[in-house]
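Novice: Quick one, input_20.cif (mmCIF, C-alpha atoms and all ligand atoms):
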data_coords
loop_
_atom_site.label_atom_id
_atom_site.label_comp_id
_atom_site.auth_asym_id
_atom_site.auth_seq_id
_atom_site.Cartn_x
_atom_site.Cartn_y
_atom_site.Cartn_z
CA MET A 247 0.00 0.00 0.00
CA ALA A 248 1.51 3.30 -1.10
CA THR A 249 1.84 6.20 1.33
CA ALA A 250 -0.18 9.27 0.31
CA SER A 251 1.78 12.49 0.00
CA ILE A 252 0.53 16.03 -0.48
CA LYS A 253 2.74 17.21 -3.37
CA ALA A 254 1.35 20.71 -4.02
CA ILE A 255 -1.40 23.02 -2.83
CA GLY A 256 -3.47 25.50 -4.82
CA ALA A 257 -5.76 28.10 -3.31
CA TYR A 258 -8.07 30.73 -4.71
CA VAL A 259 -10.26 33.43 -3.21
CA PRO A 260 -12.37 35.77 -5.35
CA PRO A 261 -10.89 39.26 -5.81
CA THR A 262 -13.95 41.03 -4.36
CA VAL A 263 -13.65 41.90 -0.66
CA ILE A 264 -16.58 42.85 1.59
CA THR A 265 -15.52 44.64 4.77
CA ASN A 266 -17.48 44.69 8.01
CA ASP A 267 -18.22 48.37 7.42
CA GLU A 268 -19.72 47.55 4.02
CA LEU A 269 -21.88 44.86 5.65
CA SER A 270 -23.04 47.38 8.24
CA GLN A 271 -24.60 49.38 5.43
CA ARG A 272 -26.96 46.55 4.49
CA LEU A 273 -27.45 44.85 7.87
CA ASP A 274 -28.08 46.03 11.44
CA THR A 275 -24.55 45.23 12.60
CA SER A 276 -21.21 46.94 13.15
CA ASP A 277 -17.52 46.34 12.58
CA GLU A 278 -17.03 46.43 16.36
CA TRP A 279 -19.66 43.70 17.01
CA ILE A 280 -18.34 41.39 14.31
CA ARG A 281 -14.67 41.88 15.27
CA THR A 282 -15.13 41.35 18.99
CA ARG A 283 -17.45 38.30 18.62
CA THR A 284 -15.62 36.57 15.76
CA GLY A 285 -12.28 38.24 14.90
CA ILE A 286 -13.52 38.65 11.31
CA ARG A 287 -12.70 41.96 9.58
CA GLN A 288 -13.61 41.10 5.98
CA ARG A 289 -14.47 38.22 3.65
CA HIS A 290 -13.88 37.52 -0.05
CA ALA A 291 -17.05 37.07 -2.10
CA ALA A 292 -17.69 35.44 -5.47
CA GLY A 293 -18.76 37.80 -8.24
CA PRO A 294 -21.83 37.14 -10.41
CA GLU A 295 -19.79 35.08 -12.90
CA GLU A 296 -18.04 33.00 -10.23
CA THR A 297 -19.35 29.64 -9.04
CA THR A 298 -18.20 26.66 -6.99
CA ALA A 299 -16.81 25.04 -10.15
CA THR A 300 -14.88 28.13 -11.32
CA LEU A 301 -13.31 28.60 -7.88
CA SER A 302 -12.46 24.88 -7.69
CA TYR A 303 -10.92 24.97 -11.15
CA ALA A 304 -8.73 27.95 -10.22
CA ALA A 305 -7.42 26.20 -7.09
CA ALA A 306 -6.94 22.84 -8.81
CA ARG A 307 -5.12 24.34 -11.78
CA SER A 308 -2.76 26.16 -9.42
CA ALA A 309 -1.98 22.92 -7.57
CA LEU A 310 -1.27 21.09 -10.84
CA GLU A 311 0.93 23.91 -12.17
CA GLU A 312 2.85 24.09 -8.90
CA ALA A 313 3.47 20.33 -9.13
CA ASP A 314 4.30 20.66 -12.85
CA LEU A 315 1.79 17.90 -13.57
CA SER A 316 -0.57 17.58 -16.54
CA PRO A 317 -4.35 17.28 -15.90
CA GLN A 318 -4.05 14.00 -17.86
CA ALA A 319 -2.17 12.53 -14.89
CA VAL A 320 -5.14 12.94 -12.52
CA ASP A 321 -7.08 9.75 -11.72
CA TRP A 322 -9.65 11.14 -9.31
CA ILE A 323 -11.20 14.57 -8.61
CA LEU A 324 -13.00 14.87 -5.28
CA VAL A 325 -14.80 18.13 -4.48
CA CYS A 326 -15.90 18.71 -0.89
CA THR A 327 -18.61 21.34 -0.73
CA ASP A 328 -21.90 22.28 0.91
CA THR A 329 -22.58 24.80 -1.86
CA ALA A 330 -22.57 22.63 -4.98
CA GLU A 331 -22.60 23.99 -8.52
CA MET A 332 -26.06 22.43 -8.95
CA TRP A 333 -28.03 19.46 -7.62
CA SER A 334 -26.65 17.17 -10.30
CA PRO A 335 -24.17 16.35 -11.69
CA ALA A 336 -21.34 16.63 -9.18
CA THR A 337 -19.37 19.88 -9.13
CA ALA A 338 -16.29 17.70 -9.65
CA CYS A 339 -17.56 16.81 -13.16
CA PHE A 340 -17.58 20.49 -14.16
CA VAL A 341 -14.06 20.86 -12.75
CA GLN A 342 -12.91 17.79 -14.69
CA ALA A 343 -14.21 19.29 -17.94
CA MET A 344 -12.64 22.69 -17.24
CA LEU A 345 -9.27 21.12 -16.45
CA GLY A 346 -9.40 18.71 -19.39
CA ALA A 347 -8.57 15.91 -16.94
CA GLU A 348 -10.08 13.35 -19.32
CA ARG A 349 -8.91 10.21 -17.51
CA ALA A 350 -10.31 11.25 -14.14
CA SER A 351 -13.28 9.94 -12.18
CA ALA A 352 -15.11 12.83 -10.51
CA ILE A 353 -17.38 12.92 -7.45
CA ASP A 354 -18.54 15.33 -4.72
CA LEU A 355 -18.58 14.87 -0.94
CA THR A 356 -20.62 16.94 1.53
CA GLY A 357 -19.42 17.05 5.09
CA GLY A 358 -19.76 20.62 6.33
CA CYS A 359 -16.70 22.41 7.66
CA ALA A 360 -15.06 19.13 8.76
CA GLY A 361 -15.70 17.56 5.34
CA PHE A 362 -12.30 18.27 3.85
CA LEU A 363 -10.44 16.44 6.62
CA GLN A 364 -12.93 13.55 6.51
CA ALA A 365 -12.40 13.35 2.74
CA LEU A 366 -8.62 13.40 3.17
CA THR A 367 -8.95 10.05 4.96
CA LEU A 368 -10.93 8.66 2.00
CA ALA A 369 -8.51 10.10 -0.56
CA GLN A 370 -5.59 8.29 1.09
CA GLY A 371 -7.29 4.98 0.34
CA ILE A 372 -7.38 5.86 -3.36
CA VAL A 373 -3.77 7.07 -3.40
CA ALA A 374 -2.76 3.80 -1.68
CA GLN A 375 -3.75 2.07 -4.94
CA GLY A 376 -1.15 4.11 -6.79
CA LYS A 377 -3.55 6.81 -8.00
CA THR A 378 -3.19 10.60 -8.29
CA VAL A 379 -5.98 12.56 -6.58
CA LEU A 380 -7.06 16.19 -6.67
CA LEU A 381 -8.85 16.78 -3.38
CA ILE A 382 -10.63 20.13 -3.54
CA GLY A 383 -12.56 21.99 -0.81
CA THR A 384 -14.73 24.84 -2.05
CA GLU A 385 -17.55 27.02 -0.77
CA VAL A 386 -19.49 29.92 -2.20
CA LEU A 387 -21.20 30.62 1.10
CA THR A 388 -22.06 34.24 0.28
CA LYS A 389 -24.66 32.78 -2.12
CA ALA A 390 -25.99 30.51 0.65
CA VAL A 391 -26.45 32.90 3.56
CA ASP A 392 -29.70 34.60 4.43
CA TRP A 393 -28.72 38.23 3.96
CA SER A 394 -31.53 39.31 6.31
CA ASP A 395 -30.10 37.20 9.19
CA ARG A 396 -27.30 39.21 10.77
CA SER A 397 -26.31 36.38 13.12
CA THR A 398 -25.13 34.17 10.22
CA ALA A 399 -24.54 36.51 7.25
CA VAL A 400 -21.49 38.12 8.83
CA LEU A 401 -19.64 34.85 9.47
CA PHE A 402 -18.96 33.36 6.05
CA GLY A 403 -16.78 33.89 2.98
CA ASP A 404 -15.92 32.20 -0.31
CA GLY A 405 -12.81 30.33 -1.41
CA SER A 406 -11.31 27.11 -2.70
CA GLY A 407 -8.27 25.01 -1.92
CA ALA A 408 -6.82 21.90 -3.58
CA PHE A 409 -4.39 19.22 -2.46
CA LEU A 410 -2.59 17.28 -5.16
CA LEU A 411 -2.03 13.82 -3.63
CA THR A 412 0.18 11.12 -5.12
CA PRO A 413 2.00 8.09 -3.73
CA GLY A 414 5.30 9.18 -2.20
CA GLU A 415 7.47 9.51 0.87
CA ASP A 416 8.33 13.22 0.56
CA GLY A 417 6.20 16.36 0.75
CA ILE A 418 3.56 16.53 3.49
CA ILE A 419 2.39 13.14 4.79
CA PRO A 420 -1.04 12.71 6.43
CA ARG A 421 -0.52 10.59 9.56
CA GLN A 422 -2.95 9.80 12.39
CA ALA A 423 -6.54 10.93 11.80
CA PHE A 424 -9.79 10.88 13.73
CA SER A 425 -13.28 11.89 12.68
CA GLN A 426 -16.77 11.33 13.97
CA SER A 427 -20.31 12.59 13.43
CA ASP A 428 -23.41 13.12 15.55
CA GLY A 429 -26.41 13.31 13.24
CA ARG A 430 -28.72 13.91 16.21
CA GLN A 431 -27.50 17.52 16.12
CA ALA A 432 -28.40 18.05 12.44
CA ASP A 433 -31.01 20.72 13.25
CA ILE A 434 -28.55 23.10 14.92
CA LEU A 435 -26.57 23.99 11.79
CA ASN A 436 -28.08 23.23 8.41
CA LYS A 437 -29.59 24.37 5.13
CA PRO A 438 -33.02 22.83 5.64
CA TYR A 439 -34.86 23.97 2.51
CA GLY A 440 -34.62 22.83 -1.07
CA GLY A 441 -33.93 19.13 -0.50
CA THR A 442 -36.33 16.19 -0.56
CA ARG A 443 -37.50 16.76 3.03
CA ASN A 444 -38.54 20.37 2.40
CA PRO A 445 -38.73 20.84 -1.39
CA LEU A 446 -38.99 24.46 -2.39
CA THR A 447 -42.48 25.62 -3.24
CA PRO A 448 -43.63 29.14 -4.20
CA GLU A 449 -45.23 29.33 -0.72
CA LEU A 450 -41.96 28.50 1.11
CA VAL A 451 -40.04 31.01 -1.00
CA ALA A 452 -42.72 33.65 -0.29
CA GLU A 453 -42.21 32.97 3.45
CA GLY A 454 -38.51 33.68 2.98
CA HIS A 455 -37.32 30.05 3.02
CA HIS A 456 -34.56 29.47 0.48
CA HIS A 457 -31.39 27.42 0.30
CA THR A 458 -29.90 29.39 3.17
CA ILE A 459 -27.98 28.55 6.31
CA HIS A 460 -29.76 28.21 9.64
CA MET A 461 -27.61 28.17 12.78
CA GLU A 462 -27.98 28.29 16.55
CA GLY A 463 -24.66 30.04 17.17
CA ARG A 464 -24.22 29.49 20.91
CA LYS A 465 -24.82 25.73 20.70
CA VAL A 466 -22.45 25.44 17.74
CA PHE A 467 -19.78 27.31 19.66
CA ARG A 468 -19.94 24.99 22.67
CA HIS A 469 -19.91 21.76 20.64
CA ALA A 470 -17.13 23.06 18.35
CA VAL A 471 -14.73 23.79 21.20
CA HIS A 472 -15.40 20.47 22.91
CA HIS A 473 -15.15 18.24 19.82
CA MET A 474 -12.18 19.98 18.17
CA SER A 475 -10.21 19.70 21.41
CA ASP A 476 -11.23 16.09 21.96
CA ALA A 477 -10.33 15.06 18.39
CA ALA A 478 -6.96 16.78 18.69
CA ARG A 479 -6.19 14.93 21.94
CA ARG A 480 -7.14 11.60 20.35
CA VAL A 481 -4.75 11.90 17.40
CA LEU A 482 -1.93 13.16 19.61
CA GLN A 483 -2.42 10.21 21.94
CA GLU A 484 -2.52 7.74 19.05
CA ALA A 485 0.71 9.22 17.67
CA GLY A 486 2.35 9.16 21.12
CA MET A 487 2.89 12.91 20.91
CA THR A 488 2.45 15.77 23.33
CA SER A 489 1.03 19.14 22.35
CA GLU A 490 4.54 20.63 22.80
CA GLN A 491 5.69 18.60 19.79
CA VAL A 492 3.15 20.30 17.53
CA ALA A 493 4.77 23.09 15.49
CA TRP A 494 1.43 24.53 14.37
CA VAL A 495 -2.25 23.92 14.85
CA VAL A 496 -3.95 24.48 11.47
CA PRO A 497 -7.59 24.80 12.47
CA HIS A 498 -10.78 25.29 10.54
CA GLN A 499 -11.11 29.08 10.55
CA ALA A 500 -14.59 29.38 12.07
CA ASN A 501 -14.15 32.16 14.52
CA GLN A 502 -11.24 33.55 16.55
CA ARG A 503 -12.98 32.93 19.86
CA ILE A 504 -13.38 29.23 19.02
CA LEU A 505 -9.68 29.04 18.10
CA ASP A 506 -8.66 30.76 21.34
CA ALA A 507 -10.84 28.42 23.38
CA VAL A 508 -9.40 25.31 21.64
CA ALA A 509 -5.85 26.58 22.24
CA LYS A 510 -6.67 26.99 25.92
CA GLU A 511 -8.23 23.51 26.17
CA LEU A 512 -5.13 21.95 24.58
CA ALA A 513 -2.69 24.16 26.53
CA ILE A 514 -1.12 25.23 23.24
CA PRO A 515 0.14 28.84 23.03
CA PRO A 516 -2.25 30.88 20.84
CA ALA A 517 0.78 31.97 18.76
CA LYS A 518 1.06 28.36 17.52
CA VAL A 519 -2.57 28.32 16.35
CA PHE A 520 -2.61 29.71 12.82
CA SER A 521 -5.38 32.20 12.14
CA HIS A 522 -6.29 34.32 9.15
CA VAL A 523 -10.01 34.37 9.93
CA ALA A 524 -9.80 38.19 10.03
CA HIS A 525 -9.18 38.20 6.25
CA TYR A 526 -11.29 35.36 4.85
CA ALA A 527 -13.95 34.56 7.53
CA ASN A 528 -15.39 31.02 7.61
CA THR A 529 -14.91 29.36 4.19
CA GLY A 530 -16.27 25.95 5.22
CA SER A 531 -14.73 23.06 3.31
CA ALA A 532 -12.02 25.35 1.88
CA SER A 533 -10.87 26.71 5.21
CA VAL A 534 -8.11 24.29 6.27
CA VAL A 535 -6.53 24.25 2.78
CA LEU A 536 -6.57 28.05 2.55
CA ALA A 537 -4.85 28.20 5.95
CA LEU A 538 -2.18 25.72 4.91
CA ALA A 539 -1.60 27.50 1.58
CA ASP A 540 -1.27 30.83 3.39
CA MET A 541 1.26 29.35 5.84
CA LEU A 542 3.32 27.77 3.04
CA THR A 543 3.42 30.94 0.94
CA GLN A 544 4.49 32.89 4.03
CA GLY A 545 7.30 30.38 4.64
CA LEU A 546 5.93 29.49 8.09
CA ILE A 547 6.23 25.72 7.58
CA ARG A 548 9.61 24.00 7.93
CA PRO A 549 10.94 20.49 7.30
CA GLN A 550 10.14 18.06 10.14
CA ASP A 551 7.26 20.23 11.44
CA GLN A 552 4.34 18.28 12.87
CA LEU A 553 1.07 20.03 12.02
CA LEU A 554 -2.22 19.36 13.77
CA SER A 555 -5.32 20.22 11.77
CA VAL A 556 -8.74 20.25 13.45
CA ALA A 557 -12.21 21.06 12.15
CA PHE A 558 -15.86 21.07 13.17
CA GLY A 559 -19.05 21.72 11.27
CA SER A 560 -22.60 20.78 10.37
CA GLY A 561 -23.75 17.23 10.89
CA PHE A 562 -22.32 17.70 13.47
CA SER A 563 -19.04 16.27 12.18
CA TRP A 564 -15.57 16.88 13.51
CA ALA A 565 -12.08 15.73 12.60
CA ALA A 566 -8.40 15.97 13.47
CA GLN A 567 -5.44 15.16 11.25
CA LEU A 568 -1.72 15.07 11.97
CA LEU A 569 0.43 16.16 9.04
CA GLU A 570 4.14 15.41 8.97
CA VAL A 571 6.18 17.85 6.89
CA ARG A 572 8.99 15.86 5.27
CA SER A 573 9.60 18.85 3.01
CA PRO A 574 7.49 22.00 2.50
CA VAL A 575 5.56 21.69 -0.77
CA PRO A 576 4.97 24.32 -3.47
CA ALA A 577 1.82 26.36 -2.91
CA ARG A 578 0.05 29.14 -4.76
CA PHE A 579 -2.64 31.34 -3.23
CA VAL A 580 -4.41 33.45 -5.88
CA ASN A 581 -5.75 36.84 -4.65
CA LYS A 582 -4.18 36.37 -1.20
CA ASP A 583 -4.39 39.53 0.93
C1 LIG B 601 -22.57 33.61 16.08
C2 LIG B 601 -21.90 34.15 17.34
C3 LIG B 601 -20.74 35.04 16.94
C4 LIG B 601 -22.94 34.98 18.09
O1 LIG B 601 -22.35 35.47 19.29
P1 LIG B 601 -23.18 35.35 20.67
O2 LIG B 601 -22.38 36.07 21.68
O3 LIG B 601 -23.44 33.90 20.86
O4 LIG B 601 -24.45 36.17 20.33
P2 LIG B 601 -25.98 35.74 20.41
O5 LIG B 601 -26.33 34.88 19.22
O6 LIG B 601 -26.28 35.18 21.76
O7 LIG B 601 -26.64 37.13 20.24
C5 LIG B 601 -26.38 38.19 21.18
C6 LIG B 601 -27.04 39.43 20.65
O8 LIG B 601 -26.30 39.91 19.51
C7 LIG B 601 -27.20 40.11 18.44
N1 LIG B 601 -26.53 39.87 17.18
C8 LIG B 601 -26.39 38.71 16.49
N2 LIG B 601 -25.68 38.90 15.39
C9 LIG B 601 -25.35 40.22 15.36
C10 LIG B 601 -24.64 41.01 14.46
N3 LIG B 601 -24.07 40.52 13.33
N4 LIG B 601 -24.49 42.33 14.75
C11 LIG B 601 -25.01 42.85 15.85
N5 LIG B 601 -25.72 42.13 16.74
C12 LIG B 601 -25.90 40.84 16.49
C13 LIG B 601 -28.33 39.12 18.69
O9 LIG B 601 -29.51 39.52 18.00
C14 LIG B 601 -28.47 39.21 20.17
O10 LIG B 601 -29.20 40.35 20.48
P3 LIG B 601 -30.28 40.35 21.71
O11 LIG B 601 -29.45 40.05 22.93
O12 LIG B 601 -30.84 41.70 21.64
O13 LIG B 601 -31.23 39.25 21.38
C15 LIG B 601 -21.40 32.99 18.25
O14 LIG B 601 -22.49 32.30 18.79
C16 LIG B 601 -20.53 32.04 17.52
O15 LIG B 601 -19.42 32.35 17.19
N6 LIG B 601 -20.99 30.79 17.27
C17 LIG B 601 -20.28 29.83 16.48
C18 LIG B 601 -20.58 30.11 15.02
C19 LIG B 601 -19.71 29.37 14.07
O16 LIG B 601 -18.52 29.52 14.09
N7 LIG B 601 -20.34 28.57 13.21
C20 LIG B 601 -19.69 27.83 12.20
C21 LIG B 601 -19.07 26.62 12.80
S1 LIG B 601 -18.40 25.65 11.53
#
Represent the structure of the file as structure tokens.

Specialist:
Amino acid sequence: MATASIKAIGAYVPPTVITNDELSQRLDTSDEWIRTRTGIRQRHAAGPEETTATLSYAAARSALEEADLSPQAVDWILVCTDTAEMWSPATACFVQAMLGAERASAIDLTGGCAGFLQALTLAQGIVAQGKTVLLIGTEVLTKAVDWSDRSTAVLFGDGSGAFLLTPGEDGIIPRQAFSQSDGRQADILNKPYGGTRNPLTPELVAEGHHHTIHMEGRKVFRHAVHHMSDAARRVLQEAGMTSEQVAWVVPHQANQRILDAVAKELAIPPAKVFSHVAHYANTGSASVVLALADMLTQGLIRPQDQLLSVAFGSGFSWAAQLLEVRSPVPARFVNKD
């Protein structure tokens, strides 16, 4: 069984930026409220011509170019998203066509903000068979929020990140992983309308029910801190590591207060918990990859670093992943602040 190696990372955020002050002009909110509750100062937002597939394509193409690999070499394209291009077919099929990755098999996975790390576990099984995988996490959440709901609209942004995974012993190696779900909590964070349980009707739309996010923020906060910390402890224990041996925590960028609380729970100095939530807000399935791409392009990651990635999101689902840096890999982050 071949070891999976992350060989290159591509990331893309749309060029359009929406600041908290700009949001305050269309919602009853303020820069001060958003900053102090979440740490978010701005978010990048897809323009009218941009979609989940176009963002995914931009990130995937960057990863392939950084690895100097042809799209023809790709065996599988996996797109993790909660904001798909359309109901059917999979967003990954559009990305395959845009890339010209004619040999590839393409499929989507939906796992909320922890979905990318859950999918990384699945992707390793494919790479173990000698295959090359593009694992992409993408959200266009600004087209999925209820712009009349100030408690959710301020939290999210758009972006895409791609790992190019091949068999190999160099690059960044995914090691111990843990993930779990609790579907009993599905009602706390979801997009309840538009599926087969609540199909959209003119009446529902007239009542203001669309494909938008519903969230009970306080409950999410509490569960997120508990499960991210617990998952992190589990993978550290399985690896026989202490938190002091972790060079960086690379968390899902939900909210600065969640990151601070997780750091405290794990007794890890906040300076070792990477955060750029101020710039990009919560980008769901893209978040961990954007963070890693940002760190690599800043030169923050060094050979032999042990990285601990943790995430939590709808489902609820949560995940932790240890990443061993044998050698820092090439990364490109398009439209990085
Ligand atoms: C969303 C979150 C920031 C709200 O902070 P909070 O301190 O829990 O705030 P509450 O929801 O209790 O609301 C407190 C007050 O602020 C108000 N408020 C909510 N959003 C606001 C906004 N954007 N601007 C101004 N006021 C706002 C509420 O209406 C409420 O007012 P009231 O007391 O008059 O009723 C916080 O719960 C949170 O971070 N949750 C986790 C969210 C998350 O990260 N989700 C994704 C996980 S993957």

Novice: Return the padded bounding box of stretch 514-519 of chain A as AutoDock Vina command-line options: axis-aligned, built from all atoms listed in the file, 4 Å added on each side, with centre and edge lengths in Å to one decimal.

Specialist:
--center_x -0.8 --center_y 28.6 --center_z 19.8 --size_x 11.6 --size_y 14.7 --size_z 14.9

Novice: Could you produce a table of the residues of stretch 387-453 of chain A lying within 9 Å of stretch 355-378 of chain A, with the nearest pair of atoms per residue and their separation in Å rounded to one decimal, using only C-alpha atoms, ordered by chain and increasing residue number, as CSV?

Specialist:
residue,atom,partner,partner_atom,distance
A:Leu410,CA,A:Thr378,CA,7.4
A:Leu411,CA,A:Thr378,CA,5.8
A:Thr412,CA,A:Thr378,CA,4.7
A:Pro413,CA,A:Val373,CA,5.9
A:Pro420,CA,A:Leu366,CA,8.3
A:Ala423,CA,A:Thr367,CA,7.3
A:Phe424,CA,A:Gln364,CA,8.3
A:Ser425,CA,A:Gln364,CA,6.4
A:Gln426,CA,A:Gln364,CA,8.7
A:Asn436,CA,A:Gly358,CA,9.0

Novice: Let me make sure I understand: among A:Phe409, A:Trp564, A:Trp393, A:Phe467, which one has the smallest atom-to-atom distance to ligand LIG 601 (chain B) if we use all atoms listed in the file?

Specialist: A:Phe467

Novice: Report, in Å to a single decimal, how far apart atom CA of A:Thr384 and atom CA of A:Gly429 are.

Specialist: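 Here the two named atoms are 22.4 Å from each other.
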
Novice: I'd like to know which of A:Ala390, A:Val496, A:Leu273, A:Leu381 is closest to ligand LIG 601 (chain B), using only C-alpha atoms and all ligand atoms.

Specialist: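 Closest residue, counting only C-alpha atoms and all ligand atoms: A:Leu273.
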
Novice: Go through the chains and note each residue within 8 Å of ligand LIG 601 (chain B), using all atoms listed in the file, then give the set as an NGL selection string.

Specialist: :A and (273-276 or 279-280 or 283-284 or 358-360 or 395-401 or 435 or 461-468 or 470 or 498 or 500-501 or 503-504 or 528 or 530 or 557-560)

Novice: Determine the nearest neighbour of A:Cys339 from the options A:Ala299, A:Glu570, A:Ala306, A:Asp476, counting only C-alpha atoms.

Specialist: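 Distance minimum relative to A:Cys339 lands on A:Ala299.
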
Novice: Calculate how many Å separate atom CA of A:Ile382 from atom CA of A:Leu269, rounding to one decimal.

Specialist: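 According to the coordinates, atom CA of A:Ile382 and atom CA of A:Leu269 are separated by 28.7 Å.
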
Novice: As a list in words, please: the residues near A:Gln318 (cut-off 7 Å, only C-alpha atoms, same-chain neighbours under 4 positions excluded).

Specialist: Ala347, Glu348 and Arg349 of chain A

Novice: Have a look at A:Glu311, A:Asp277, A:Asp392, A:Asp583 and name the one nearest to A:His457; count only C-alpha atoms.

Specialist: A:Asp392

Novice: Taking all atoms listed in the file into account, name the residue in A:Val341, A:Lys510, A:Arg480, A:Gln550 that is nearest to A:Ala304.

Specialist: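 Among the listed residues, A:Val341 lies closest to A:Ala304.
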
Novice: In Å, with one decimal, what is the gap from atom CA of A:Gln288 to atom CA of A:Leu536?

Specialist: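 Atom-to-atom, atom CA of A:Gln288 and atom CA of A:Leu536 are spaced 15.2 Å apart.
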
Novice: With only C-alpha atoms as the atoms that count, which of A:Asn444, A:Leu315, A:Thr298, A:Pro260 lies nearest to A:Ala336?

Specialist: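 Answer, going by the shortest atom-to-atom distance: A:Thr298.
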
Novice: Start from the incomplete input, build N, CA and C atoms for stretch 267-285 of chain A, and deliver everything as a PDB file, in the frame of the given file.

Specialist:
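File written: part-v2.pdb
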ATOM      1  N   ASP A 267     -17.535  47.080   7.565  1.00  0.00           N
ATOM      2  CA  ASP A 267     -18.220  48.370   7.420  1.00  0.00           C
ATOM      3  C   ASP A 267     -19.203  48.339   6.250  1.00  0.00           C
ATOM      4  N   GLU A 268     -18.791  47.668   5.167  1.00  0.00           N
ATOM      5  CA  GLU A 268     -19.720  47.550   4.020  1.00  0.00           C
ATOM      6  C   GLU A 268     -20.950  46.736   4.407  1.00  0.00           C
ATOM      7  N   LEU A 269     -20.737  45.669   5.200  1.00  0.00           N
ATOM      8  CA  LEU A 269     -21.880  44.860   5.650  1.00  0.00           C
ATOM      9  C   LEU A 269     -22.824  45.687   6.519  1.00  0.00           C
ATOM     10  N   SER A 270     -22.232  46.569   7.317  1.00  0.00           N
ATOM     11  CA  SER A 270     -23.040  47.380   8.240  1.00  0.00           C
ATOM     12  C   SER A 270     -24.003  48.291   7.485  1.00  0.00           C
ATOM     13  N   GLN A 271     -23.690  48.528   6.197  1.00  0.00           N
ATOM     14  CA  GLN A 271     -24.600  49.380   5.430  1.00  0.00           C
ATOM     15  C   GLN A 271     -25.839  48.628   4.954  1.00  0.00           C
ATOM     16  N   ARG A 272     -25.763  47.273   4.912  1.00  0.00           N
ATOM     17  CA  ARG A 272     -26.960  46.550   4.490  1.00  0.00           C
ATOM     18  C   ARG A 272     -27.604  45.705   5.587  1.00  0.00           C
ATOM     19  N   LEU A 273     -26.935  45.638   6.762  1.00  0.00           N
ATOM     20  CA  LEU A 273     -27.450  44.850   7.870  1.00  0.00           C
ATOM     21  C   LEU A 273     -27.339  45.659   9.160  1.00  0.00           C
ATOM     22  N   ASP A 274     -28.171  45.341  10.155  1.00  0.00           N
ATOM     23  CA  ASP A 274     -28.080  46.030  11.440  1.00  0.00           C
ATOM     24  C   ASP A 274     -26.945  45.395  12.257  1.00  0.00           C
ATOM     25  N   THR A 275     -25.723  45.771  11.907  1.00  0.00           N
ATOM     26  CA  THR A 275     -24.550  45.230  12.600  1.00  0.00           C
ATOM     27  C   THR A 275     -23.458  46.295  12.590  1.00  0.00           C
ATOM     28  N   SER A 276     -22.303  45.956  13.118  1.00  0.00           N
ATOM     29  CA  SER A 276     -21.210  46.940  13.150  1.00  0.00           C
ATOM     30  C   SER A 276     -19.875  46.199  13.085  1.00  0.00           C
ATOM     31  N   ASP A 277     -18.868  46.920  12.604  1.00  0.00           N
ATOM     32  CA  ASP A 277     -17.520  46.340  12.580  1.00  0.00           C
ATOM     33  C   ASP A 277     -17.119  45.902  13.982  1.00  0.00           C
ATOM     34  N   GLU A 278     -17.425  46.718  14.971  1.00  0.00           N
ATOM     35  CA  GLU A 278     -17.030  46.430  16.360  1.00  0.00           C
ATOM     36  C   GLU A 278     -17.678  45.112  16.847  1.00  0.00           C
ATOM     37  N   TRP A 279     -18.981  44.923  16.570  1.00  0.00           N
ATOM     38  CA  TRP A 279     -19.660  43.700  17.010  1.00  0.00           C
ATOM     39  C   TRP A 279     -19.028  42.479  16.344  1.00  0.00           C
ATOM     40  N   ILE A 280     -18.844  42.571  15.036  1.00  0.00           N
ATOM     41  CA  ILE A 280     -18.340  41.390  14.310  1.00  0.00           C
ATOM     42  C   ILE A 280     -16.906  41.067  14.774  1.00  0.00           C
ATOM     43  N   ARG A 281     -16.067  42.097  14.878  1.00  0.00           N
ATOM     44  CA  ARG A 281     -14.670  41.880  15.270  1.00  0.00           C
ATOM     45  C   ARG A 281     -14.556  41.273  16.658  1.00  0.00           C
ATOM     46  N   THR A 282     -15.299  41.839  17.617  1.00  0.00           N
ATOM     47  CA  THR A 282     -15.130  41.350  18.990  1.00  0.00           C
ATOM     48  C   THR A 282     -15.746  39.965  19.182  1.00  0.00           C
ATOM     49  N   ARG A 283     -16.823  39.628  18.450  1.00  0.00           N
ATOM     50  CA  ARG A 283     -17.450  38.300  18.620  1.00  0.00           C
ATOM     51  C   ARG A 283     -16.749  37.221  17.825  1.00  0.00           C
ATOM     52  N   THR A 284     -16.113  37.610  16.688  1.00  0.00           N
ATOM     53  CA  THR A 284     -15.620  36.570  15.760  1.00  0.00           C
ATOM     54  C   THR A 284     -14.170  36.765  15.320  1.00  0.00           C
ATOM     55  N   GLY A 285     -13.616  37.955  15.432  1.00  0.00           N
ATOM     56  CA  GLY A 285     -12.280  38.240  14.900  1.00  0.00           C
ATOM     57  C   GLY A 285     -12.279  38.548  13.410  1.00  0.00           C
TER      58      GLY A 285
END
